[in-house]
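Report on one structure; see the data block that follows.
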2 protein chains.
Amino acid sequence: MPGRLPGSAAARAVTIHDVARAAGVSRQTVTRAVNRMPGISESTRERVLEQARRLGYRPSRYGRDLVRRSSRTLGLLVGDLANPYYPELASAVLKRAARAGWHVVLAEHGGGPPGALEAFAARVDAAIAFTGSSFPEDVTGAAPLPLVEIDPQEVRGGRGRVELDMRAAVADAVEHLLERGTDRPVLLDLGQSPSRRGRLFLDAFAARGVPLARERVAAADLAGGEEGCRAALERRQRPDAVVAFNDVTALGALRALRRAGADVPGEVRVVGVDGLGIGAYVAPRLTTLALDVDAAAREALDLVLALHASPPEPGAPAELRRTVAHRLVVGEST
Amino acid sequence: MPGRLPGSAAARAVTIHDVARAAGVSRQTVTRAVNRMPGISESTRERVLEQARRLGYRPSRYGRDLVRRSSRTLGLLVGDLANPYYPELASAVLKRAARAGWHVVLAEHGGGPPGALEAFAARVDAAIAFTGSSFPEDVTGAAPLPLVEIDPQEVRGGRGRVELDMRAAVADAVEHLLERGTDRPVLLDLGQSPSRRGRLFLDAFAARGVPLARERVAAADLAGGEEGCRAALERRQRPDAVVAFNDVTALGALRALRRAGADVPGEVRVVGVDGLGIGAYVAPRLTTLALDVDAAAREALDLVLALHASPPEPGAPAELRRTVAHRLVVGEST
DNA sequence: CCGGTGGCCGTGAACGTTCACGGCCGTCAC
DNA sequence: GTGACGGCCGTGAACGTTCACGGCCACCGG
């Protein structure tokens, strides 16, 4: 009966002391044996490990983390897992983090009770935010939480960020659409004024002398894409190409086109943005501006681990910015 | 300069002592103020919180977890995030866990270097496993990690589990297919011998006097479904209904049917299993045996938190088993 | 024989928090 | 007037680990 358990949690009782006593050595020697540190003879190490096994000893991460001041826990904040975009990135981050010995706490932006974000930020040693919207400034509090944002809306100082550069891919896509013979393209865009990616498409088409109509969608999801595309089809000039805000929106457009009996890609071409794996699930396979999620995960993780390893010296600006480029992937929808 | 930093992590320095000194009170009083405990006057609490804000004090989770012996961290082990099945469940678990004040560490089964699972199990206070395959026995080590498995392959003692019951849904699906006029159904099944769910379909069709052919797929993914369906279409008796192992497989079948020019649901009906959100993304919308992921998440979380709160007394068997039923959702593919 | 060296191991302290307990002071009933 | 009581607050200890440092002993060169 090893005393009270405040949290009434599991009754773990075997500590480093128990092992030390059983092996007839000191705590420090047990530490050396368990953590493969030098300064211990092979025979003693064997004996200690044998006792540790026998007693079922597991080092307490609580004690260890306290003195180490790090639990190698990475927070990953994503928008909404229902958007297939995020699981793909999460998976990439997970795999890379595991390889570096880090664990990943996942959280959805907007999900959870008030204060959930603060609690999230307080529980991790570093964080990557990929939310679509921006990460609240104050959740990091006064503690200098190493934070890297992917594709941040507003640029803030003192944080790492991974920019997504789709300029070249947009040019390729426009070129590709024009080759396919597009005269009256329409953009399914989010927001009152053109989004950043929308602006890129508008400019690229304008540079080629082709006007790109803009149809505003209520949301960048399946229903939004379907409804937006339906509205666009009712224009006087029926569009012969649809450039969607993202892949999910494009899938909604595909459904609207199918329902309207329009042949894809015969009568109407469809292009998405993201390069979701889900694009491969549908027929016709989606043409899209694909993000290299592995690269994005790699850059973000590199950056955030570097930030964690060396404090964000106010003196050294360093390179806190990485860029990952999108790439045109031609499917069957164009 | 608050001393050395072993882990060379961020230079957090402001502790409960600093706040206590600044406010002219003791540590315990600071604790009472910060944690909204009784036994402190309102004016003192205000004063302490004011100083805490001013100094940017954040309680150290390391110290707190050490004494509390729990960090309210839940491990969620899933198969592969690339299968849309898992993000949906993860999202449901995430939301519920957040509401209960728990954080979720996500890990993929099979991903990561050797020892990753052990490290995972060692870092969480409780775990839910939903892997398709079974959770290794030894990763929990000697520590009695509260563990709940969803749809476990083998039943083990001493662990909670959430069973998925699709018996009724299978009966409904068979009834539905027969109503639609199905004579020659084929099952796209995984494995040498019939899987559990495959067995259910075989029995249900047999009970209605209709033979269900079985086509083995190499994998329960998109390519497997496509290839399996293609093979099935070459049978002498061309099937007029496809029952797929899961939704992703069904989507592969849909693609094969489209490629073969078969009308769905006119000539061939398609049924999946899982009820993925992705089923809504494709056309035609998939008819499927849907799992209520919210219910599954709820039951699993209830169970695992109960296990964590009260030790798994060897004396009391309790009810460590919950059941969640699948439900037939009729789409456009039948 | 002696001082130095290096391998092995142990002791005290620290990490930052919360728990158990006890002290102080004012109020109230008797 | 005195004892009890309750509100408010502080002190020591504990959680389990690792770090810094120092001691012991055997060995070796001089």
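Chain identifiers are assigned as A, B, and so on, following the order in which chains appear in the structure tokens; residues are numbered from 1 within each chain, and ligands are numbered from 1 in order of appearance.
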Near chain D, 9 Å: chain A residue rows, closest pairs, only C-alpha atoms (C1' of nucleotides), as a tab-separated table:
```
residue	atom	partner	partner_atom	distance
A:Thr15	CA	D:DG16	C1'	7.0
A:Ile16	CA	D:DG16	C1'	7.4
A:His17	CA	D:DG16	C1'	8.8
A:Gln28	CA	D:DT18	C1'	8.2
A:Thr31	CA	D:DT18	C1'	8.0
A:Pro59	CA	D:DT17	C1'	8.0
A:Ser60	CA	D:DG16	C1'	6.4
A:Arg61	CA	D:DT17	C1'	8.3
A:Tyr62	CA	D:DG16	C1'	7.2
A:Gly63	CA	D:DT17	C1'	4.4
A:Arg64	CA	D:DT17	C1'	4.7
A:Asp65	CA	D:DT17	C1'	8.0
A:Leu66	CA	D:DT17	C1'	7.6
A:Val67	CA	D:DT18	C1'	6.2
A:Arg68	CA	D:DT18	C1'	7.6
```
field: Residue set, range 50-293 of chain B restricted to alpha helix (DSSP H), as a PyMOL selection string
entry: chain B and resi 50-55+61-68+85-99+116-122+167-179+196-207+222-233+247-260+293
- prompt: Any idea what the distance is between CA of Glu118 in chain B and CA of Ser43 in chain A?
  reply: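 CA of Ser43 in chain A lies 25.9 Å from CA of Glu118 in chain B.
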query: At what distance in Å, to one decimal, does CA of Thr29 in chain A lie from C1' of DC9 in chain C?
result: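 Calculated distance between C1' of DC9 in chain C and CA of Thr29 in chain A is 7.0 Å.
For Arg54 in chain A, the non-local neighbours within 10 Å, defined as residues at least 3 positions apart in the same chain or in other chains and counting only C-alpha atoms (C1' of nucleotides), are A:Val19, A:Ala22, A:Val48, A:Leu49, A:Glu50, A:Gln51, A:Tyr57, B:Ala142.
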